[in-house]
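A.B. asks: work_3.cif is the file, holding mmCIF, C-alpha atoms:
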data_target
loop_
_atom_site.group_PDB
_atom_site.id
_atom_site.type_symbol
_atom_site.label_atom_id
_atom_site.label_comp_id
_atom_site.auth_asym_id
_atom_site.auth_seq_id
_atom_site.Cartn_x
_atom_site.Cartn_y
_atom_site.Cartn_z
ATOM 1 C CA GLY A 273 98.319 82.145 63.630
ATOM 2 C CA VAL A 274 97.492 80.555 60.301
ATOM 3 C CA THR A 275 100.208 78.350 58.784
ATOM 4 C CA PRO A 276 101.725 79.528 55.457
ATOM 5 C CA LEU A 277 100.218 76.494 53.683
ATOM 6 C CA ARG A 278 96.709 77.297 54.928
ATOM 7 C CA LEU A 279 97.122 80.991 54.219
ATOM 8 C CA GLY A 280 98.063 80.061 50.652
ATOM 9 C CA LEU A 281 94.797 78.101 50.321
ATOM 10 C CA VAL A 282 92.801 81.013 51.749
ATOM 11 C CA ARG A 283 94.490 83.469 49.347
ATOM 12 C CA LEU A 284 93.495 81.244 46.442
ATOM 13 C CA ILE A 285 89.880 81.018 47.683
ATOM 14 C CA SER A 286 89.855 84.807 48.054
ATOM 15 C CA ALA A 287 91.174 85.339 44.514
ATOM 16 C CA LEU A 288 88.723 82.850 43.001
ATOM 17 C CA THR A 289 85.696 84.455 44.645
ATOM 18 C CA GLU A 290 86.765 88.012 43.774
ATOM 19 C CA GLU A 291 84.284 90.195 41.920
ATOM 20 C CA ASP A 292 84.664 90.275 38.105
ATOM 21 C CA VAL A 293 87.530 87.767 38.083
ATOM 22 C CA GLU A 294 88.502 86.934 34.477
ATOM 23 C CA ILE A 295 88.811 83.498 32.851
ATOM 24 C CA ASP A 296 92.548 83.999 32.206
ATOM 25 C CA GLU A 297 93.145 84.919 35.833
ATOM 26 C CA VAL A 298 91.259 81.856 37.128
ATOM 27 C CA ALA A 299 93.104 79.569 34.694
ATOM 28 C CA THR A 300 96.467 80.995 35.786
ATOM 29 C CA LEU A 301 95.685 80.767 39.507
ATOM 30 C CA ILE A 302 94.607 77.124 39.286
ATOM 31 C CA SER A 303 97.386 76.095 36.876
ATOM 32 C CA ARG A 304 100.044 77.256 39.361
ATOM 33 C CA ASP A 305 99.016 74.356 41.624
ATOM 34 C CA PRO A 306 99.709 71.015 39.887
ATOM 35 C CA ALA A 307 97.715 68.930 42.410
ATOM 36 C CA LEU A 308 94.703 71.240 42.100
ATOM 37 C CA THR A 309 94.939 71.182 38.300
ATOM 38 C CA PHE A 310 95.039 67.371 38.349
ATOM 39 C CA ARG A 311 91.946 67.199 40.568
ATOM 40 C CA LEU A 312 89.987 69.669 38.434
ATOM 41 C CA LEU A 313 90.822 67.831 35.185
ATOM 42 C CA GLN A 314 89.955 64.483 36.776
ATOM 43 C CA ALA A 315 86.600 65.836 37.972
ATOM 44 C CA THR A 316 85.867 67.507 34.620
ATOM 45 C CA ASN A 317 86.595 64.352 32.641
ATOM 46 C CA SER A 318 84.477 62.340 35.060
ATOM 47 C CA ALA A 319 81.559 64.796 34.652
ATOM 48 C CA ALA A 320 81.969 64.875 30.858
ATOM 49 C CA SER A 321 82.479 61.158 30.341
ATOM 50 C CA GLY A 322 80.413 61.198 27.119
ATOM 51 C CA LEU A 323 82.991 63.339 25.316
ATOM 52 C CA LYS A 324 85.389 61.657 22.889
ATOM 53 C CA ALA A 325 88.322 63.966 23.657
ATOM 54 C CA ARG A 326 89.631 64.304 27.181
ATOM 55 C CA VAL A 327 89.916 67.744 28.736
ATOM 56 C CA SER A 328 93.625 68.393 29.223
ATOM 57 C CA SER A 329 93.914 71.997 30.436
ATOM 58 C CA VAL A 330 92.307 74.258 33.025
ATOM 59 C CA ARG A 331 91.161 76.605 30.255
ATOM 60 C CA GLU A 332 89.380 73.723 28.450
ATOM 61 C CA ALA A 333 87.673 72.795 31.735
ATOM 62 C CA ILE A 334 86.463 76.391 32.133
ATOM 63 C CA VAL A 335 85.152 76.478 28.546
ATOM 64 C CA LEU A 336 83.349 73.149 29.011
ATOM 65 C CA LEU A 337 81.897 73.682 32.499
ATOM 66 C CA GLY A 338 81.620 77.470 32.602
ATOM 67 C CA LEU A 339 83.512 79.839 34.871
ATOM 68 C CA PRO A 340 80.966 79.808 37.759
ATOM 69 C CA THR A 341 81.065 75.992 38.016
ATOM 70 C CA VAL A 342 84.868 75.829 37.960
ATOM 71 C CA ARG A 343 85.074 78.553 40.612
ATOM 72 C CA GLN A 344 82.590 76.661 42.804
ATOM 73 C CA TRP A 345 84.278 73.269 42.356
ATOM 74 C CA VAL A 346 87.789 74.541 43.019
ATOM 75 C CA THR A 347 86.623 76.593 46.014
ATOM 76 C CA LEU A 348 85.022 73.417 47.363
ATOM 77 C CA MET A 349 88.271 71.460 46.839
ATOM 78 C CA LEU A 350 90.231 74.145 48.690
ATOM 79 C CA LEU A 351 87.680 74.211 51.517
ATOM 80 C CA GLY A 352 88.023 70.425 51.684
ATOM 81 C CA ASP A 353 91.779 70.821 52.115
ATOM 82 C CA LEU A 354 91.242 73.365 54.909
ATOM 83 C CA THR A 355 88.671 71.216 56.737
ATOM 84 C CA ASP A 356 90.065 67.740 55.981
ATOM 85 C CA ASN A 357 86.913 67.187 53.889
ATOM 86 C CA ALA A 358 84.507 67.619 56.822
ATOM 87 C CA ASP A 359 81.263 67.958 54.858
ATOM 88 C CA ASP A 360 79.317 69.783 57.555
ATOM 89 C CA HIS A 361 81.988 72.491 57.900
ATOM 90 C CA MET A 362 82.240 72.905 54.132
ATOM 91 C CA ALA A 363 78.457 73.104 53.843
ATOM 92 C CA ASN A 364 78.188 75.762 56.560
ATOM 93 C CA VAL A 365 80.732 78.004 54.825
ATOM 94 C CA MET A 366 79.235 77.574 51.336
ATOM 95 C CA THR A 367 75.695 78.148 52.665
ATOM 96 C CA ARG A 368 76.713 81.344 54.482
ATOM 97 C CA ALA A 369 78.434 82.646 51.328
ATOM 98 C CA ARG A 370 75.358 81.901 49.210
ATOM 99 C CA VAL A 371 72.938 83.532 51.677
ATOM 100 C CA CYS A 372 75.132 86.666 51.800
ATOM 101 C CA GLN A 373 75.223 86.731 47.995
ATOM 102 C CA THR A 374 71.449 86.398 47.587
ATOM 103 C CA VAL A 375 70.596 88.933 50.296
ATOM 104 C CA ALA A 376 73.051 91.455 48.840
ATOM 105 C CA GLN A 377 71.567 91.089 45.350
ATOM 106 C CA ARG A 378 68.072 91.647 46.753
ATOM 107 C CA ILE A 379 69.066 94.962 48.313
ATOM 108 C CA GLY A 380 71.078 96.215 45.338
ATOM 109 C CA LEU A 381 74.621 95.298 46.413
ATOM 110 C CA SER A 382 77.259 93.232 44.606
ATOM 111 C CA GLY A 383 76.488 89.515 44.925
ATOM 112 C CA ASP A 384 80.111 88.540 44.190
ATOM 113 C CA ALA A 385 81.511 90.818 46.895
ATOM 114 C CA ALA A 386 78.977 89.505 49.415
ATOM 115 C CA PHE A 387 79.794 85.889 48.465
ATOM 116 C CA SER A 388 83.481 86.639 49.188
ATOM 117 C CA VAL A 389 82.591 88.219 52.538
ATOM 118 C CA GLY A 390 80.479 85.209 53.577
ATOM 119 C CA MET A 391 83.084 82.734 52.337
ATOM 120 C CA LEU A 392 86.057 84.398 54.032
ATOM 121 C CA SER A 393 84.234 84.955 57.331
ATOM 122 C CA GLY A 394 83.332 81.244 57.296
ATOM 123 C CA VAL A 395 86.924 80.286 56.526
ATOM 124 C CA ALA A 396 88.102 82.501 59.411
ATOM 125 C CA ASP A 397 85.710 80.641 61.729
ATOM 126 C CA LEU A 398 87.098 77.299 60.509
ATOM 127 C CA LEU A 399 90.651 78.428 61.191
ATOM 128 C CA GLY A 400 89.767 79.879 64.588
ATOM 129 C CA GLU A 401 91.043 83.232 63.363
ATOM 130 C CA PRO A 402 89.239 86.581 63.811
ATOM 131 C CA PRO A 403 87.947 87.669 60.366
ATOM 132 C CA ALA A 404 89.555 91.095 60.843
ATOM 133 C CA ARG A 405 93.005 89.527 61.318
ATOM 134 C CA LEU A 406 92.547 87.249 58.300
ATOM 135 C CA ALA A 407 91.488 90.267 56.203
ATOM 136 C CA THR A 408 94.803 92.014 56.905
ATOM 137 C CA GLN A 409 96.667 89.056 55.356
ATOM 138 C CA LEU A 410 94.734 89.070 52.075
ATOM 139 C CA PRO A 411 94.669 91.467 49.107
ATOM 140 C CA LEU A 412 90.955 92.368 49.357
ATOM 141 C CA ALA A 413 88.718 95.011 47.828
ATOM 142 C CA GLU A 414 88.003 97.807 50.296
ATOM 143 C CA ASP A 415 84.325 96.955 50.815
ATOM 144 C CA VAL A 416 85.089 93.251 51.395
ATOM 145 C CA ALA A 417 87.906 94.022 53.842
ATOM 146 C CA GLY A 418 85.669 96.551 55.596
ATOM 147 C CA ALA A 419 82.868 94.027 56.077
ATOM 148 C CA LEU A 420 85.314 91.512 57.569
ATOM 149 C CA THR A 421 86.815 94.061 59.935
ATOM 150 C CA GLY A 422 83.372 94.958 61.262
ATOM 151 C CA ASP A 423 82.747 98.361 59.700
ATOM 152 C CA ALA A 424 79.227 99.766 59.515
ATOM 153 C CA GLY A 425 78.984 99.528 55.706
ATOM 154 C CA ARG A 426 76.133 97.722 53.976
ATOM 155 C CA LEU A 427 78.122 94.546 53.218
ATOM 156 C CA GLY A 428 79.092 94.386 56.882
ATOM 157 C CA GLN A 429 75.401 94.776 57.730
ATOM 158 C CA VAL A 430 74.525 91.822 55.476
ATOM 159 C CA LEU A 431 77.211 89.610 57.055
ATOM 160 C CA ALA A 432 76.150 90.530 60.594
ATOM 161 C CA ALA A 433 72.485 89.804 59.784
ATOM 162 C CA VAL A 434 73.332 86.425 58.221
ATOM 163 C CA ARG A 435 75.529 85.434 61.168
ATOM 164 C CA ASP A 436 72.753 86.407 63.595
ATOM 165 C CA TYR A 437 70.326 84.298 61.557
ATOM 166 C CA GLU A 438 72.651 81.295 61.919
ATOM 167 C CA ARG A 439 72.487 81.854 65.685
ATOM 168 C CA GLU A 440 68.673 81.759 65.495
ATOM 169 C CA ASP A 441 68.272 85.530 65.767
ATOM 170 C CA PRO A 442 66.372 86.353 62.543
ATOM 171 C CA ALA A 443 65.372 89.965 63.310
ATOM 172 C CA ASP A 444 68.068 91.820 61.324
ATOM 173 C CA LEU A 445 67.841 89.576 58.257
ATOM 174 C CA ALA A 446 64.058 89.872 58.310
ATOM 175 C CA GLY A 447 64.519 93.649 58.545
ATOM 176 C CA LEU A 448 66.680 93.637 55.399
ATOM 177 C CA ILE A 449 64.569 91.416 53.123
ATOM 178 C CA GLY A 450 61.399 90.471 55.047
ATOM 179 C CA PRO A 451 60.756 87.445 57.299
ATOM 180 C CA ASP A 452 59.376 85.128 54.588
ATOM 181 C CA ALA A 453 62.237 85.945 52.227
ATOM 182 C CA ALA A 454 64.784 85.289 54.986
ATOM 183 C CA VAL A 455 63.499 81.740 55.413
ATOM 184 C CA SER A 456 63.230 81.026 51.673
ATOM 185 C CA VAL A 457 66.690 82.471 50.924
ATOM 186 C CA HIS A 458 68.262 80.285 53.618
ATOM 187 C CA LEU A 459 66.465 77.132 52.420
ATOM 188 C CA ALA A 460 67.426 77.870 48.799
ATOM 189 C CA ALA A 461 71.065 78.331 49.840
ATOM 190 C CA VAL A 462 71.092 74.985 51.668
ATOM 191 C CA ALA A 463 69.617 73.273 48.572
ATOM 192 C CA TRP A 464 72.165 75.006 46.305
ATOM 193 C CA CYS A 465 75.007 73.907 48.565
ATOM 194 C CA ASN A 466 73.768 70.298 48.641
ATOM 195 C CA ASP A 467 73.552 70.270 44.828
ATOM 196 C CA ILE A 468 77.096 71.575 44.421
ATOM 197 C CA MET A 469 78.509 69.154 46.943
ATOM 198 C CA ARG A 470 76.692 66.233 45.337
ATOM 199 C CA VAL A 471 77.858 67.119 41.812
ATOM 200 C CA ALA A 472 81.396 67.768 43.019
ATOM 201 C CA GLU A 473 81.555 64.602 45.151
ATOM 202 C CA PRO A 474 83.975 62.778 42.826
ATOM 203 C CA VAL A 475 86.233 65.809 43.190
ATOM 204 C CA GLY A 476 86.877 65.201 46.866
ATOM 205 C CA ALA A 477 86.698 61.428 46.694
ATOM 206 C CA SER A 478 89.336 61.031 44.006
ATOM 207 C CA ALA A 479 91.665 63.775 45.179
ATOM 208 C CA PRO A 480 95.176 62.978 46.342
ATOM 209 C CA PRO A 481 95.560 63.461 50.128
ATOM 210 C CA ALA A 482 95.702 67.173 50.986
ATOM 211 C CA GLY A 483 99.259 68.342 51.308
ATOM 212 C CA GLY A 484 100.552 64.909 50.278
ATOM 213 C CA SER A 485 102.671 66.335 47.483
ATOM 214 C CA ALA A 486 104.025 69.227 49.549
ATOM 215 C CA GLY A 487 107.670 69.382 50.520
#
Using the file provided, produce a representation of the structure as structure tokens.

C.D. replies:
Amino acid sequence: GVTPLRLGLVRLISALTEEDVEIDEVATLISRDPALTFRLLQATNSAASGLKARVSSVREAIVLLGLPTVRQWVTLMLLGDLTDNADDHMANVMTRARVCQTVAQRIGLSGDAAFSVGMLSGVADLLGEPPARLATQLPLAEDVAGALTGDAGRLGQVLAAVRDYEREDPADLAGLIGPDAAVSVHLAAVAWCNDIMRVAEPVGASAPPAGGSAG
């Protein structure tokens, strides 16, 4: 099973990637973890080195960087903690989440919900845990939980098609959005992931060792 510490990290990732999450909620979630708050403020001040005043709260970081950027950076930090900062594993999970998001938007589904589905299925793979079992341990929206437990809903269809594409079976993804779009969406997701990881590099590099302050 998943250790309580890792499950805590996964719960935070799940909450951060939830659809329609509010600024106050994100600020509260991050602020509960002093080490995470420290890393976010350090990264924000490094990125905004031209500013006279230093950013001193999670809310200020969100106002300066924007909610999407803070969500992405903190999710990346948490993924780094789960994978011991193995870049290839982090990149695979982020890329899958982004492909799911883009495909869902193209066929009229919620991009945020699909991002969560892709992210959490990738995290389950990292932990060696069946996605369905992980889903039972998280407070998830019904459609997200359904996709992870393998139901026949449309989000589940998107996830299955994206996973098949990763295994070099492009037929289902091509059926959803067309063969050319499948290739371009995947390439765009890889580029997006590389950009985020490059921008957020100081985040991982300057972070205290994962779990070092626990206990």

A.B. asks: Contacts of region 333-344 of chain A at 12 Å or less, counting only C-alpha atoms, minus same-chain residues fewer than 4 places along, as a PyMOL selection string?

C.D. replies: chain A and resi 284-303+308-320+323+325-329+348-351+362+366+369-370+384+387-388+391+464-465+467-469+471-472+475

A.B. asks: List every protein, DNA or RNA residue that has at least one atom no more than 7 Å from (93.8, 96.5, 55.1) in the file's coordinates, counting only C-alpha atoms, and write the result as a list in words.

C.D. replies: Ala407, Thr408 and Ala417 of chain A

A.B. asks: Those same residues, written as a compact mmCIF listing (two decimals), keeping the file's coordinate frame with C-alpha atoms?

C.D. replies:
# COMPACT_ATOMS: atom_id res chain seq x y z
CA ALA A 407 91.49 90.27 56.20
CA THR A 408 94.80 92.01 56.90
CA ALA A 417 87.91 94.02 53.84

A.B. asks: Provide the CA of Ala424 (chain A) to CA of Thr374 (chain A) distance in Å, to one decimal place.

C.D. replies: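 That distance, rounded to one decimal, is 19.5 Å.
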
A.B. asks: Could you jot down the CA of Ser456 (chain A) to CA of Val395 (chain A) separation for me, Å, one decimal place?

C.D. replies: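 For CA of Ser456 (chain A) relative to CA of Val395 (chain A), the distance reads 24.2 Å.
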
A.B. asks: Could you tell me which of A:Leu277, A:Glu414, A:Leu420, A:Val389 comes closest to Pro402 (chain A) if we count all atoms listed in the file?

C.D. replies: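 Of all the options, A:Leu420 lies closest to Pro402 (chain A).
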
A.B. asks: Hey, what's within 9 Å of Ala433 (chain A) if we count only C-alpha atoms and toss same-chain stuff fewer than 3 positions away? As a PDB file with C-alpha atoms, in the coordinates of the input, please?

C.D. replies:
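out.pdb was written with the following content:
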ATOM      1  CA  CYS A 372      75.132  86.666  51.800  1.00  0.00           C
ATOM      2  CA  GLY A 428      79.092  94.386  56.882  1.00  0.00           C
ATOM      3  CA  GLN A 429      75.401  94.776  57.730  1.00  0.00           C
ATOM      4  CA  VAL A 430      74.525  91.822  55.476  1.00  0.00           C
ATOM      5  CA  ASP A 436      72.753  86.407  63.595  1.00  0.00           C
ATOM      6  CA  TYR A 437      70.326  84.298  61.557  1.00  0.00           C
ATOM      7  CA  GLU A 438      72.651  81.295  61.919  1.00  0.00           C
ATOM      8  CA  ASP A 441      68.272  85.530  65.767  1.00  0.00           C
ATOM      9  CA  PRO A 442      66.372  86.353  62.543  1.00  0.00           C
ATOM     10  CA  ALA A 443      65.372  89.965  63.310  1.00  0.00           C
ATOM     11  CA  ASP A 444      68.068  91.820  61.324  1.00  0.00           C
ATOM     12  CA  LEU A 445      67.841  89.576  58.257  1.00  0.00           C
ATOM     13  CA  ALA A 446      64.058  89.872  58.310  1.00  0.00           C
ATOM     14  CA  GLY A 447      64.519  93.649  58.545  1.00  0.00           C
ATOM     15  CA  LEU A 448      66.680  93.637  55.399  1.00  0.00           C
TER      16      LEU A 448
END

A.B. asks: Could you work out how far CA of Val330 (chain A) lies from CA of Ala463 (chain A), giving the answer in Å with one decimal?

C.D. replies: 27.5 Å

A.B. asks: On this structure, which residues satisfy the PyMOL selection byres ((chain A and resi 409) around 10), written as an mmCIF file with C-alpha atoms, in the coordinates of the input?

C.D. replies:
data_model
loop_
_atom_site.group_PDB
_atom_site.id
_atom_site.type_symbol
_atom_site.label_atom_id
_atom_site.label_comp_id
_atom_site.auth_asym_id
_atom_site.auth_seq_id
_atom_site.Cartn_x
_atom_site.Cartn_y
_atom_site.Cartn_z
ATOM 1 C CA VAL A 274 97.492 80.555 60.301
ATOM 2 C CA LEU A 279 97.122 80.991 54.219
ATOM 3 C CA VAL A 282 92.801 81.013 51.749
ATOM 4 C CA ARG A 283 94.490 83.469 49.347
ATOM 5 C CA ALA A 404 89.555 91.095 60.843
ATOM 6 C CA ARG A 405 93.005 89.527 61.318
ATOM 7 C CA LEU A 406 92.547 87.249 58.300
ATOM 8 C CA ALA A 407 91.488 90.267 56.203
ATOM 9 C CA THR A 408 94.803 92.014 56.905
ATOM 10 C CA LEU A 410 94.734 89.070 52.075
ATOM 11 C CA PRO A 411 94.669 91.467 49.107
ATOM 12 C CA LEU A 412 90.955 92.368 49.357
#

A.B. asks: From the list A:Leu354, A:Leu281, A:Ala363, A:Ala396, which residue is nearest Asn466 (chain A) when using all atoms listed in the file?

C.D. replies: A:Ala363

A.B. asks: Identify all residues satisfying the PyMOL selection byres ((chain A and resi 398) around 9) in the given file; provide them as a PyMOL selection string.

C.D. replies: chain A and resi 354-355+361+365+393-397+399-401

A.B. asks: Compare A:Ala386, A:Val371, A:Leu392, A:Ala376 by their minimum atom-to-atom distance to Val455 (chain A), counting only C-alpha atoms, and give me the closest one.

C.D. replies: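 Checking each candidate against Val455 (chain A), we get A:Val371 as the closest.
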
A.B. asks: Excluding Arg426 (chain A) and its own-chain neighbours fewer than 4 positions away, which residues fall within 10 Å of it when counting all atoms listed in the file? Please give them as a list in words.

C.D. replies: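 Listing them by chain and then by number gives Ala376, Ile379, Leu381, Ala386, Asp415, Gly418, Ala419, Val430, Leu431 and Ala432 of chain A.
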
A.B. asks: Counting only C-alpha atoms, which of A:Glu332, A:Arg278, A:Asp452, A:Gly390 gets nearest to Asp356 (chain A)?

C.D. replies: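 Among A:Glu332, A:Arg278, A:Asp452, A:Gly390, it is A:Arg278 that comes nearest to Asp356 (chain A).
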
A.B. asks: Tell me which of A:Val416, A:Val375, A:Gly383, A:Leu427 sits closest to Ala453 (chain A), counting all atoms listed in the file.

C.D. replies: A:Val375
